$ cat query-v1.cif   # mmCIF, C-alpha atoms
data_final
loop_
_atom_site.label_atom_id
_atom_site.label_comp_id
_atom_site.auth_asym_id
_atom_site.auth_seq_id
_atom_site.Cartn_x
_atom_site.Cartn_y
_atom_site.Cartn_z
CA MET P 56 146.31 137.86 49.79
CA ILE P 57 149.65 138.42 51.51
CA ALA P 58 151.39 138.22 48.16
CA ASP P 59 149.01 140.82 46.74
CA ILE P 60 149.71 143.15 49.65
CA ALA P 61 153.46 142.75 49.17
CA LYS P 62 153.21 143.33 45.44
CA GLY P 63 150.90 146.29 45.90
CA ALA P 64 153.20 147.86 48.49
CA ALA P 65 156.24 147.31 46.29
CA VAL P 66 154.60 148.70 43.15
CA LEU P 67 153.24 151.77 44.88
CA PHE P 68 156.49 152.36 46.76
CA VAL P 69 158.45 152.30 43.52
CA ALA P 70 155.83 154.52 41.90
CA ALA P 71 156.03 157.00 44.79
CA ILE P 72 159.83 157.12 44.69
CA LEU P 73 159.82 157.58 40.90
CA GLN P 74 157.15 160.24 41.26
CA VAL P 75 159.18 162.17 43.82
CA THR P 76 162.57 161.85 42.15
CA LEU P 77 161.84 161.78 38.43
CA LEU P 78 158.34 162.58 37.26
CA SER P 79 157.73 165.58 39.50
CA GLN P 80 160.52 167.33 37.62
CA ILE P 81 158.69 167.10 34.32
CA ASP P 82 156.92 170.40 34.09
CA VAL P 83 154.88 171.38 31.06
CA PHE P 84 152.80 174.44 31.87
CA TYR P 85 152.81 173.40 35.56
CA GLY P 86 151.47 169.94 34.60
CA ALA P 87 153.33 166.75 35.49
CA PRO P 88 152.37 163.07 35.21
CA ASP P 89 151.11 161.46 38.40
CA LEU P 90 152.42 157.90 38.36
CA VAL P 91 151.22 157.19 41.90
CA LEU P 92 147.65 158.11 40.99
CA VAL P 93 147.69 156.03 37.81
CA THR P 94 149.21 153.05 39.63
CA LEU P 95 146.71 153.36 42.44
CA VAL P 96 143.79 153.48 40.00
CA SER P 97 145.09 150.37 38.26
CA VAL P 98 145.57 148.45 41.53
CA ALA P 99 142.22 149.58 42.92
CA LEU P 100 140.39 148.60 39.73
CA LEU P 101 141.86 145.12 39.96
CA ARG P 102 141.63 144.59 43.72
CA GLY P 103 138.63 146.55 44.99
CA THR P 104 137.72 149.08 47.67
CA ILE P 105 139.59 147.92 50.73
CA PHE P 106 142.79 147.25 48.86
CA GLY P 107 142.45 150.52 46.95
CA ALA P 108 141.83 152.60 50.06
CA ALA P 109 144.69 151.00 51.99
CA ALA P 110 147.05 151.30 49.04
CA GLY P 111 146.09 154.94 48.60
CA PHE P 112 146.68 155.69 52.26
CA GLY P 113 150.09 154.04 52.25
CA ALA P 114 151.19 155.61 49.00
CA GLY P 115 150.06 159.01 50.22
CA LEU P 116 152.06 158.62 53.40
CA VAL P 117 155.18 157.77 51.43
CA VAL P 118 154.73 160.75 49.13
CA ASP P 119 154.03 163.17 51.99
CA THR P 120 157.00 161.85 53.94
CA ALA P 121 159.41 161.99 51.02
CA THR P 122 158.35 165.49 50.01
CA LEU P 123 157.98 166.76 53.61
CA GLN P 124 154.50 168.00 52.88
CA THR P 125 151.69 168.17 55.40
CA LEU P 126 151.33 164.58 56.54
CA GLY P 127 147.94 163.12 55.65
CA VAL P 128 146.93 165.40 52.78
CA THR P 129 147.95 163.07 49.96
CA SER P 130 146.88 160.09 52.05
CA LEU P 131 143.38 161.48 52.41
CA LEU P 132 143.00 162.20 48.71
CA LEU P 133 144.47 158.89 47.57
CA THR P 134 142.45 156.91 50.12
CA ILE P 135 139.21 158.34 48.76
CA ALA P 136 140.41 157.88 45.17
CA GLY P 137 141.42 154.27 45.81
CA TYR P 138 138.12 153.52 47.49
CA TRP P 139 135.97 154.99 44.73
CA ILE P 140 137.86 153.36 41.91
CA GLY P 141 137.86 150.10 43.80
CA ARG P 142 134.11 150.40 44.10
CA TYR P 143 133.84 151.06 40.37
CA GLY P 144 136.00 148.04 39.64
CA GLU P 145 133.99 145.78 41.94
CA THR P 146 130.71 146.77 40.38
CA THR P 147 130.93 147.41 36.66
CA GLY P 148 134.29 148.65 35.57
CA ARG P 149 136.80 145.88 35.97
CA ASP P 150 136.23 143.99 32.76
CA ARG P 151 135.64 146.94 30.50
CA THR P 152 138.46 147.98 28.22
CA HIS P 153 137.89 151.68 28.72
CA ALA P 154 137.61 151.40 32.51
CA PRO P 155 141.26 152.29 33.31
CA PHE P 156 141.22 155.33 31.03
CA VAL P 157 137.87 156.61 32.26
CA SER P 158 138.93 156.01 35.85
CA VAL P 159 142.24 157.83 35.39
CA ALA P 160 140.57 160.77 33.64
CA VAL P 161 137.86 161.17 36.28
CA VAL P 162 140.22 160.65 39.21
CA THR P 163 142.75 163.09 37.78
CA LEU P 164 140.08 165.78 37.62
CA LEU P 165 138.61 165.01 41.04
CA TYR P 166 142.06 164.69 42.59
CA SER P 167 143.04 168.13 41.25
CA ILE P 168 139.84 169.69 42.57
CA GLY P 169 140.18 167.88 45.91
CA ALA P 170 143.82 168.93 46.30
CA LEU P 171 142.89 172.50 45.47
CA ILE P 172 140.12 172.58 48.07
CA LEU P 173 142.27 170.91 50.70
CA HIS P 174 145.21 173.24 50.19
CA TYR P 175 142.82 176.17 50.20
CA MET P 176 141.37 175.01 53.52
CA LEU P 177 144.86 174.63 54.98
CA GLY P 178 145.69 178.19 53.96
CA ASP P 179 148.27 177.24 51.34
CA PRO P 180 148.64 179.54 48.34
CA ALA P 181 146.65 177.78 45.60
CA SER P 182 145.68 179.21 42.24
CA ALA P 183 142.55 177.58 40.81
CA SER P 184 143.27 178.83 37.30
CA ARG P 185 146.80 177.45 37.39
CA VAL P 186 145.72 174.05 38.73
CA LEU P 187 142.57 173.56 36.66
CA LEU P 188 143.22 175.51 33.48
CA ASP P 189 147.00 175.48 33.00
CA ALA P 190 148.17 172.27 34.64
CA PHE P 191 145.16 169.96 34.38
CA PRO P 192 145.04 169.39 30.59
CA PHE P 193 148.71 168.39 30.44
CA GLU P 194 148.47 166.31 33.60
CA LEU P 195 145.46 164.50 32.13
CA ILE P 196 147.29 163.79 28.88
CA PHE P 197 150.39 162.53 30.72
CA ASN P 198 148.30 160.31 32.98
CA LEU P 199 146.32 158.83 30.09
CA ILE P 200 149.60 158.05 28.30
CA LEU P 201 150.87 156.29 31.43
CA THR P 202 147.63 154.36 31.92
CA LEU P 203 148.17 151.73 29.22
CA PRO P 204 151.60 150.45 30.33
CA VAL P 205 150.92 150.82 34.04
CA TYR P 206 147.57 149.04 33.86
CA ALA P 207 149.08 146.28 31.72
CA LEU P 208 151.84 145.80 34.30
CA CYS P 209 149.41 145.78 37.20
CA ARG P 210 147.16 143.35 35.38
CA ARG P 211 150.07 140.95 35.08
CA LEU P 212 150.93 141.36 38.75
CA PHE P 213 147.38 141.19 40.07
CA ARG P 214 145.50 138.50 38.27
CA PRO P 215 141.72 138.92 38.50
CA PRO P 216 140.33 137.00 41.49
CA PRO P 217 138.63 133.72 40.74
CA THR P 218 134.88 134.09 40.26
CA GLY P 219 134.00 130.41 40.55
CA LEU P 220 132.63 130.40 37.04
CA GLU P 221 135.79 129.16 35.28
CA GLU P 222 135.43 126.77 32.45
CA VAL P 223 135.68 123.14 33.37
CA GLN P 224 137.42 120.74 31.07
CA LEU P 225 135.37 117.63 30.78
CA LEU P 226 137.34 114.43 30.67
CA GLY P 227 136.27 111.33 28.98
CA MET Y 1108 138.03 150.19 56.74
CA ALA Y 1109 138.14 152.99 54.21
CA GLY Y 1110 136.32 155.27 56.63
CA VAL Y 1111 138.91 154.54 59.28
CA LEU Y 1112 141.71 155.44 56.88
CA VAL Y 1113 139.97 158.68 55.92
CA LEU Y 1114 139.54 159.59 59.57
CA LEU Y 1115 143.15 158.67 60.21
CA SER Y 1116 144.25 160.92 57.38
CA ILE Y 1117 142.19 163.82 58.73
CA ALA Y 1118 143.64 163.20 62.18
CA LEU Y 1119 147.17 163.22 60.73
CA ILE Y 1120 146.49 166.50 58.91
CA THR Y 1121 145.03 168.08 62.04
CA ILE Y 1122 147.81 167.01 64.36
CA TYR Y 1123 150.54 167.82 61.86
CA PHE Y 1124 149.01 171.20 61.18
CA ARG Y 1125 148.60 172.14 64.84
CA GLU Y 1126 151.86 170.87 66.26
CA SER Y 1127 155.13 172.75 66.19
CA ALA Y 1128 157.99 172.00 63.83
CA GLY Y 1129 159.58 169.86 66.52
CA GLY Y 1130 156.41 167.89 67.21
CA GLY Y 1131 156.09 164.13 67.17
CA LEU Y 1132 154.62 163.75 63.68
CA HIS Y 1133 157.25 166.07 62.24
CA GLN Y 1134 159.95 163.96 63.81
CA VAL Y 1135 158.37 160.79 62.49
CA GLN Y 1136 158.16 162.35 59.05
CA SER Y 1137 161.77 163.45 59.28
CA ALA Y 1138 162.84 159.95 60.24
CA GLY Y 1139 160.73 158.54 57.41
CA ALA Y 1140 162.32 160.93 54.96
CA THR Y 1141 165.74 159.81 56.18
CA VAL Y 1142 164.78 156.21 55.59
CA LEU Y 1143 163.43 157.01 52.13
CA ARG Y 1144 166.49 159.04 51.20
CA PRO Y 1145 168.65 156.10 49.99
CA PHE Y 1146 165.82 154.95 47.74
CA GLU Y 1147 165.46 158.44 46.36
CA VAL Y 1148 169.19 158.68 45.75
CA ALA Y 1149 169.18 155.30 44.02
CA ALA Y 1150 166.20 156.27 41.88
CA ASP Y 1151 167.84 159.58 41.14
CA ARG Y 1152 171.04 157.90 39.96
CA VAL Y 1153 169.18 155.40 37.85
CA SER Y 1154 166.97 158.03 36.31
CA ARG Y 1155 169.64 160.69 35.90
CA PRO Y 1156 170.64 159.69 32.33
CA PHE Y 1157 166.99 159.77 31.26
CA ARG Y 1158 166.45 163.04 33.07
CA ASP Y 1159 169.56 164.52 31.51
CA ALA Y 1160 168.39 163.39 28.09
CA TYR Y 1161 164.98 164.93 28.70
CA GLY Y 1162 166.64 168.10 29.98
CA TYR Y 1163 168.89 168.19 26.93
CA PHE Y 1164 166.02 167.94 24.45
CA ALA Y 1165 163.79 170.24 26.48
CA GLY Y 1166 166.70 172.67 26.57
CA LEU Y 1167 167.06 172.41 22.81
CA VAL Y 1168 163.39 173.22 22.29
CA HIS Y 1169 163.66 176.04 24.78
CA ALA Y 1170 166.90 177.26 23.19
CA LYS Y 1171 165.27 177.26 19.77
CA SER Y 1172 162.30 179.34 20.90
CA GLU Y 1173 164.61 181.57 22.93
CA ASN Y 1174 166.87 181.94 19.92
CA ASN Y 1175 163.94 183.14 17.81
CA ARG Y 1176 162.87 185.54 20.53
CA LEU Y 1177 166.41 186.87 20.94
CA ARG Y 1178 166.78 187.29 17.18
CA VAL Y 1179 163.66 189.48 17.09
CA GLU Y 1180 164.84 191.38 20.14
CA ASN Y 1181 168.31 191.78 18.65
CA GLU Y 1182 166.83 193.13 15.44
CA GLN Y 1183 164.73 195.63 17.38
CA LEU Y 1184 167.73 196.70 19.48
CA ARG Y 1185 169.87 197.04 16.38
CA GLN Y 1186 167.28 199.30 14.79
CA GLN Y 1187 167.02 201.27 18.01
CA ALA Y 1188 170.79 201.55 18.26
CA SER Y 1189 170.94 202.68 14.67
CA GLN Y 1190 168.27 205.30 15.31
CA ASN Y 1191 170.09 206.42 18.46
CA ALA Y 1192 173.39 206.67 16.62
CA PHE Y 1193 171.72 208.65 13.87
CA ALA Y 1194 170.06 210.95 16.42
CA ALA Y 1195 173.38 211.42 18.23
CA SER Y 1196 175.14 212.20 14.98
CA GLU Y 1197 172.40 214.63 14.00
CA ASN Y 1198 172.56 216.19 17.45
CA ALA Y 1199 176.33 216.65 17.20
CA ASP Y 1200 175.95 218.11 13.73
CA LEU Y 1201 173.28 220.57 14.84
CA ARG Y 1202 175.37 221.55 17.86
CA LYS Y 1203 178.28 222.32 15.56
CA LYS Y 1204 176.03 224.50 13.45
CA LEU Y 1205 174.66 226.23 16.51
CA HIS Y 1206 178.21 226.80 17.69
CA PHE Y 1207 179.10 228.21 14.27
CA ILE Y 1208 176.06 230.50 14.25
CA ASN Y 1209 176.99 231.86 17.69
CA SER Y 1210 180.68 232.17 16.90
CA PRO Y 1211 182.59 235.27 15.69
CA GLN Y 1212 183.21 233.33 12.49
CA TYR Y 1213 179.54 233.75 11.57
CA PRO Y 1214 179.17 236.57 9.02
CA ARG Y 1215 177.81 239.71 10.61
CA GLY Y 1216 174.33 240.78 9.57
CA PHE Y 1217 173.48 237.53 7.81
CA GLY Y 1218 170.32 235.65 8.66
CA HIS Y 1219 170.11 231.89 8.41
CA VAL Y 1220 167.87 228.88 8.12
CA THR Y 1221 168.91 225.35 8.97
CA ALA Y 1222 167.73 222.63 6.63
CA SER Y 1223 168.28 218.91 6.40
CA ILE Y 1224 169.40 217.16 3.25
CA ILE Y 1225 166.55 215.11 1.82
CA SER Y 1226 168.33 213.79 -1.22
CA GLN Y 1227 171.99 213.31 -2.01
CA ALA Y 1228 173.60 213.78 -5.39
CA PRO Y 1229 172.07 211.20 -7.73
CA SER Y 1230 175.44 210.42 -9.29
CA ALA Y 1231 179.10 211.30 -9.11
CA PHE Y 1232 178.59 213.65 -12.04
CA GLU Y 1233 176.17 215.93 -10.18
CA GLN Y 1234 177.60 217.49 -7.08
CA GLN Y 1235 174.27 218.78 -5.84
CA VAL Y 1236 171.98 218.04 -2.90
CA LEU Y 1237 168.32 218.69 -2.27
CA ILE Y 1238 167.48 220.34 1.04
CA GLY Y 1239 164.14 220.51 2.85
CA ALA Y 1240 163.67 224.27 2.86
CA GLY Y 1241 162.69 226.59 0.07
CA SER Y 1242 161.19 229.95 -0.75
CA SER Y 1243 158.68 229.51 2.09
CA SER Y 1244 161.63 229.73 4.47
CA GLY Y 1245 163.06 232.79 2.72
CA ILE Y 1246 165.68 231.01 0.62
CA GLN Y 1247 166.60 232.49 -2.74
CA VAL Y 1248 168.87 231.47 -5.58
CA PHE Y 1249 172.58 232.18 -4.95
CA ASP Y 1250 172.24 232.13 -1.19
CA PRO Y 1251 175.48 230.75 0.26
CA VAL Y 1252 175.31 227.46 2.13
CA VAL Y 1253 177.67 226.60 4.98
CA THR Y 1254 178.24 224.19 7.86
CA GLY Y 1255 180.32 224.55 11.00
CA GLU Y 1256 183.34 223.27 9.05
CA GLY Y 1257 183.12 225.79 6.26
CA LEU Y 1258 181.62 226.62 2.90
CA VAL Y 1259 179.35 224.01 1.32
CA GLY Y 1260 178.10 225.67 -1.84
CA THR Y 1261 175.32 227.80 -3.29
CA VAL Y 1262 171.59 227.51 -3.76
CA VAL Y 1263 170.99 227.09 -7.48
CA ARG Y 1264 167.29 226.33 -7.63
CA VAL Y 1265 164.43 227.08 -5.24
CA ALA Y 1266 160.97 225.54 -4.90
CA HIS Y 1267 158.36 226.29 -2.26
CA ASN Y 1268 159.68 223.83 0.32
CA GLN Y 1269 162.83 222.52 -1.30
CA SER Y 1270 166.03 223.93 -2.71
CA LEU Y 1271 168.84 222.55 -4.80
CA VAL Y 1272 172.32 223.30 -3.57
CA ALA Y 1273 175.36 223.08 -5.83
CA LEU Y 1274 178.24 221.87 -3.68
CA LEU Y 1275 181.63 223.50 -3.61
CA THR Y 1276 182.90 220.47 -5.52
CA ASP Y 1277 180.45 221.04 -8.39
CA ASP Y 1278 182.11 222.07 -11.65
CA THR Y 1279 179.92 225.17 -11.87
CA THR Y 1280 180.92 226.48 -8.46
CA SER Y 1281 183.55 229.21 -8.30
CA VAL Y 1282 184.34 231.13 -5.14
CA SER Y 1283 186.63 234.10 -4.68
CA GLY Y 1284 189.10 233.08 -2.02
CA VAL Y 1285 191.96 234.58 -0.11
CA ASP Y 1286 194.96 232.98 1.56
CA VAL Y 1287 194.71 233.99 5.21
CA GLU Y 1288 198.49 233.70 5.81
CA THR Y 1289 199.77 235.57 2.73
CA GLY Y 1290 196.78 237.53 1.45
CA ALA Y 1291 197.06 235.94 -2.01
CA LYS Y 1292 193.78 236.14 -3.89
CA GLY Y 1293 192.29 233.76 -6.43
CA VAL Y 1294 189.26 231.71 -7.35
CA VAL Y 1295 188.52 228.33 -5.86
CA LYS Y 1296 187.04 226.16 -8.60
CA ALA Y 1297 185.11 222.96 -8.05
CA GLY Y 1298 186.57 222.83 -4.56
CA ALA Y 1299 189.76 221.41 -5.92
CA SER Y 1300 191.97 224.19 -7.24
CA PHE Y 1301 192.84 227.75 -6.29
CA ASP Y 1302 193.11 229.45 -9.68
CA HIS Y 1303 194.14 232.85 -10.94
CA VAL Y 1304 196.88 233.18 -8.36
CA GLY Y 1305 199.69 235.21 -9.92
CA LYS Y 1306 203.23 233.91 -9.85
CA ASP Y 1307 204.23 236.95 -7.84
CA GLN Y 1308 201.87 236.00 -5.00
CA LYS Y 1309 202.96 233.76 -2.19
CA VAL Y 1310 201.05 230.59 -1.43
CA LYS Y 1311 202.40 227.60 0.38
CA SER Y 1312 201.12 224.19 1.25
CA GLY Y 1313 199.02 224.15 4.42
CA ASP Y 1314 197.73 227.70 4.02
CA LEU Y 1315 194.15 228.37 5.03
CA LEU Y 1316 191.77 229.68 2.36
CA VAL Y 1317 188.63 231.64 3.22
CA THR Y 1318 186.04 233.43 1.12
CA ALA Y 1319 187.18 236.87 -0.06
CA GLY Y 1320 183.76 238.57 0.11
CA TRP Y 1321 184.70 241.36 -2.25
CA LYS Y 1322 182.73 244.47 -3.16
CA ALA Y 1323 183.20 246.52 -6.31
CA GLY Y 1324 180.91 249.43 -6.92
CA GLY Y 1325 177.35 248.16 -6.79
CA LEU Y 1326 178.46 244.55 -7.12
CA ALA Y 1327 179.37 242.25 -4.28
CA SER Y 1328 180.32 238.61 -3.90
CA ILE Y 1329 177.43 236.37 -2.96
CA TYR Y 1330 179.66 234.83 -0.26
CA PRO Y 1331 180.35 236.75 2.93
CA ARG Y 1332 183.97 237.31 3.83
CA GLY Y 1333 185.88 234.91 6.03
CA ILE Y 1334 184.05 231.61 5.60
CA PRO Y 1335 186.63 228.79 5.62
CA ILE Y 1336 186.93 226.99 2.30
CA GLY Y 1337 189.83 224.62 2.65
CA ARG Y 1338 193.54 224.14 3.02
CA VAL Y 1339 196.21 224.31 0.33
CA THR Y 1340 197.63 220.84 -0.28
CA SER Y 1341 200.14 221.55 -3.03
CA VAL Y 1342 201.60 224.50 -4.95
CA GLY Y 1343 203.37 224.47 -8.29
CA GLN Y 1344 204.13 226.65 -11.29
CA ASN Y 1345 205.86 226.48 -14.68
CA GLU Y 1346 207.31 229.00 -17.03
CA VAL Y 1347 204.55 228.77 -19.61
CA ASP Y 1348 201.51 229.40 -17.41
CA LEU Y 1349 200.54 232.81 -16.10
CA TYR Y 1350 199.31 231.51 -12.79
CA LYS Y 1351 200.39 229.11 -10.08
CA HIS Y 1352 198.91 225.61 -9.84
CA VAL Y 1353 197.39 225.38 -6.37
CA GLN Y 1354 195.51 222.31 -5.13
CA VAL Y 1355 192.93 222.66 -2.36
CA GLN Y 1356 191.34 220.24 0.08
CA PRO Y 1357 187.92 221.52 1.29
CA PHE Y 1358 187.21 221.48 5.01
CA VAL Y 1359 183.72 220.11 4.56
CA ASN Y 1360 183.35 216.37 4.19
CA PHE Y 1361 180.66 216.23 1.53
CA GLU Y 1362 180.15 212.49 2.01
CA THR Y 1363 178.73 212.86 5.50
CA LEU Y 1364 176.59 215.96 5.17
CA SER Y 1365 173.20 215.64 6.81
CA SER Y 1366 172.07 219.21 7.38
CA LEU Y 1367 173.16 222.65 6.25
CA VAL Y 1368 172.85 226.31 7.11
CA VAL Y 1369 171.61 228.61 4.36
CA LEU Y 1370 172.72 232.20 4.88
CA PHE Y 1371 170.59 235.22 3.98
CA PRO Y 1372 172.61 238.16 2.69
CA PRO Y 1373 171.93 241.31 4.71
CA LYS Y 1374 169.30 243.87 3.69
CA THR Y 1375 167.86 241.63 1.01
CA ARG Y 1376 164.93 240.16 2.93
#
$ encode --input "query-v1.cif" --output "structure tokens"
Amino acid sequence: MIADIAKGAAVLFVAAILQVTLLSQIDVFYGAPDLVLVTLVSVALLRGTIFGAAAGFGAGLVVDTATLQTLGVTSLLLTIAGYWIGRYGETTGRDRTHAPFVSVAVVTLLYSIGALILHYMLGDPASASRVLLDAFPFELIFNLILTLPVYALCRRLFRPPPTGLEEVQLLG
Amino acid sequence: MAGVLVLLSIALITIYFRESAGGGLHQVQSAGATVLRPFEVAADRVSRPFRDAYGYFAGLVHAKSENNRLRVENEQLRQQASQNAFAASENADLRKKLHFINSPQYPRGFGHVTASIISQAPSAFEQQVLIGAGSSSGIQVFDPVVTGEGLVGTVVRVAHNQSLVALLTDDTTSVSGVDVETGAKGVVKAGASFDHVGKDQKVKSGDLLVTAGWKAGGLASIYPRGIPIGRVTSVGQNEVDLYKHVQVQPFVNFETLSSLVVLFPPKTR
């Protein structure tokens, strides 16, 4: 468990730093890939609700701190995202091939809507048409492209937990 | 657990939002950003080559589209500049004509109509131009045609809205001229020579030639007196010929004509 926490923290920290320094500068019609979100979805799918929520909170704090944005905004959104995807993974999604892609697509949409609402509530200038019509399609495409390698990496780092139903080699 | 984190996030947002820029959470964030800075710098250095490569190719794509846009814009501006230059040239030309019409040089009693050239001489063999004014404007055959520089030629054919003008350089055009300096009289032919100038008359290179505008009984020259024709460029004579050989350079540049003034002789219309 401790090893998983360390690996999760390291992966999300690296993802957050890369997001802030590199990926946020890719701008195609206001859309940019969200590596932190994709990584969080992958980790949450593999490790469940608690891990997903905690990872989302931590990753959000790092992002908000590094970008000097309102502390807690990204944390709130990523905590909810991590929890929901973790729940999906714990129930039906984990072993399905399409689960990471569906999760990333749905979370990307909900995250955009959630961020829009939250920024609107905080009085920040937010254009719904820019976020949902201009940026969202490109962000979705970028995120889906990132999903395959990121999920494969996370799957190697976070082996599925033992279910107790492993095959037993019979001797003799 | 998740609920606690959500509440914690909301609490962070609330406190951060309500406190001043020097508040506790801001300071913590600032300290956190300072701690994260080396990692960001390291990531930035590692990723810079990739970012530069991306920027290079993105710049190429952008430059290509910008190049196409600028080409179109350049073409439009070139056309506009060409139209402006043409309008300026036409404006200057019309001003010269207006100046000529208002000047003492303008023949007294003559009326005028200004017309633009709609077709140049079709070949070097026909020194004629088609102008956009005809009998509907009062133009008749043999009306003299001038510009601010001097004599251009004569109207040789008239339609309702168009007229054909034989230029001074046309072989069929002959104009009675007079040397302003010496008073020598002759006939300017095809805009190139000043013929029928007796050997006893004085003509020298550089003299100014104008239309003679003669009258004899009921006949009169179709050209009013005093319209500049050209300048004498060379004078010669031999023992055999009756007249001097005088070469003339017309004042009007027939290559750049764009509009003309057709003069109406007095008391005819």
$ interface_residues --input "query-v1.cif" --of "chain P" --to "chain Y" --cutoff "8 Å" --atoms "all atoms listed in the file" --output "list in words"
Ile72, Leu73, Val75, Thr76, Leu77, Thr104, Ile105, Ala108, Ala109, Phe112, Thr120, Ala121, Thr122, Leu123, Thr125, Leu126, Gly127, Val128, Ser130, Leu131, Thr134, Ile135 and Tyr138 of chain P
$ residues_around --input "query-v1.cif" --residues "Ala87 of chain P" --least-positions-apart "4" --cutoff "12 Å" --atoms "only C-alpha atoms" --output "list of chain:residue names"
P:Gln74, P:Val75, P:Leu77, P:Leu78, P:Ser79, P:Gln80, P:Ile81, P:Asp82, P:Val83, P:Val91, P:Leu92, P:Thr163, P:Ser167, P:Val186, P:Asp189, P:Ala190, P:Phe191, P:Pro192, P:Phe193, P:Glu194, P:Leu195, P:Ile196, P:Phe197, P:Asn198, P:Leu199, P:Ile200, P:Leu201
$ atom_distance --input "query-v1.cif" --atom1 "atom CA of Ala71 of chain P" --atom2 "atom CA of Ala154 of chain P"
22.8 Å
$ residues_around --input "query-v1.cif" --residues "Ser1328 of chain Y" --least-positions-apart "6" --cutoff "9 Å" --atoms "all atoms listed in the file" --output "PyMOL selection string"
chain Y and resi 1282-1283+1319-1322
$ atom_distance --input "query-v1.cif" --atom1 "atom CA of Phe1361 of chain Y" --atom2 "atom CA of Ser1242 of chain Y"
23.9 Å
$ resolve_selection --input "query-v1.cif" --expression "the PyMOL selection byres ((chain Y and resi 1298-1308) around 6)" --output "short mmCIF file (atom, residue, chain, number, x, y, z; two decimals) with C-alpha atoms, in the coordinates of the input"
data_model
loop_
_atom_site.label_atom_id
_atom_site.label_comp_id
_atom_site.auth_asym_id
_atom_site.auth_seq_id
_atom_site.Cartn_x
_atom_site.Cartn_y
_atom_site.Cartn_z
CA LEU Y 1275 181.63 223.50 -3.61
CA THR Y 1276 182.90 220.47 -5.52
CA ALA Y 1291 197.06 235.94 -2.01
CA GLY Y 1293 192.29 233.76 -6.43
CA VAL Y 1294 189.26 231.71 -7.35
CA VAL Y 1295 188.52 228.33 -5.86
CA LYS Y 1296 187.04 226.16 -8.60
CA ALA Y 1297 185.11 222.96 -8.05
CA LYS Y 1309 202.96 233.76 -2.19
CA TYR Y 1350 199.31 231.51 -12.79
CA LYS Y 1351 200.39 229.11 -10.08
CA VAL Y 1353 197.39 225.38 -6.37
CA GLN Y 1354 195.51 222.31 -5.13
CA VAL Y 1355 192.93 222.66 -2.36
#
$ resolve_selection --input "query-v1.cif" --expression "the PyMOL selection byres ((chain Y and resi 1251) around 10)" --output "list in words"
His1219, Ile1246, Gln1247, Val1248, Phe1249, Asp1250, Val1252, Val1253, Leu1258, Val1259, Gly1260, Thr1261, Val1262, Val1263, Val1272, Ala1273, Ile1329, Tyr1330, Pro1331, Val1368, Val1369, Leu1370, Phe1371 and Pro1372 of chain Y
$ atom_distance --input "query-v1.cif" --atom1 "atom CA of Ile1224 of chain Y" --atom2 "atom CA of Arg1332 of chain Y"
24.9 Å
$ closest_residue --input "query-v1.cif" --among "P:Leu101, P:Ile57, P:Ala110, P:Ala170" --to "Ala70 of chain P" --atoms "only C-alpha atoms"
P:Ala110
$ residues_around --input "query-v1.cif" --residues "segment 1185-1197 of chain Y" --least-positions-apart "2" --cutoff "12 Å" --atoms "all atoms listed in the file" --output "PDB file with C-alpha atoms, in the coordinates of the input"
ATOM      1  CA  LEU Y1177     166.410 186.870  20.940  1.00  0.00           C
ATOM      2  CA  ARG Y1178     166.780 187.290  17.180  1.00  0.00           C
ATOM      3  CA  VAL Y1179     163.660 189.480  17.090  1.00  0.00           C
ATOM      4  CA  GLU Y1180     164.840 191.380  20.140  1.00  0.00           C
ATOM      5  CA  ASN Y1181     168.310 191.780  18.650  1.00  0.00           C
ATOM      6  CA  GLU Y1182     166.830 193.130  15.440  1.00  0.00           C
ATOM      7  CA  GLN Y1183     164.730 195.630  17.380  1.00  0.00           C
ATOM      8  CA  ALA Y1199     176.330 216.650  17.200  1.00  0.00           C
ATOM      9  CA  ASP Y1200     175.950 218.110  13.730  1.00  0.00           C
ATOM     10  CA  LEU Y1201     173.280 220.570  14.840  1.00  0.00           C
ATOM     11  CA  ARG Y1202     175.370 221.550  17.860  1.00  0.00           C
ATOM     12  CA  LYS Y1203     178.280 222.320  15.560  1.00  0.00           C
ATOM     13  CA  LYS Y1204     176.030 224.500  13.450  1.00  0.00           C
ATOM     14  CA  ALA Y1222     167.730 222.630   6.630  1.00  0.00           C
ATOM     15  CA  SER Y1223     168.280 218.910   6.400  1.00  0.00           C
ATOM     16  CA  ILE Y1224     169.400 217.160   3.250  1.00  0.00           C
ATOM     17  CA  THR Y1363     178.730 212.860   5.500  1.00  0.00           C
ATOM     18  CA  LEU Y1364     176.590 215.960   5.170  1.00  0.00           C
ATOM     19  CA  SER Y1365     173.200 215.640   6.810  1.00  0.00           C
ATOM     20  CA  SER Y1366     172.070 219.210   7.380  1.00  0.00           C
ATOM     21  CA  LEU Y1367     173.160 222.650   6.250  1.00  0.00           C
TER      22      LEU Y1367
END
$ residues_near_point --input "query-v1.cif" --point "(196.4, 236.9, 8.6)" --cutoff "12 Å" --atoms "only C-alpha atoms" --output "list in words"
Val1285, Asp1286, Val1287, Glu1288, Thr1289, Gly1290, Ala1291, Asp1314, Leu1315, Leu1316, Val1317 and Gly1333 of chain Y
$ residues_around --input "query-v1.cif" --residues "Ile172 of chain P" --least-positions-apart "4" --cutoff "12 Å" --atoms "all atoms listed in the file" --output "count of residues only"
16
$ resolve_selection --input "query-v1.cif" --expression "the PyMOL selection byres ((chain P and resi 158) around 9)" --output "ChimeraX atom specification"
/P:93,96-97,100,140,143,148,153-157,159-163
$ closest_residue --input "query-v1.cif" --among "P:Leu188, P:Ala207, P:Leu133, P:Ala114" --to "Gly169 of chain P" --atoms "all atoms listed in the file"
P:Leu133
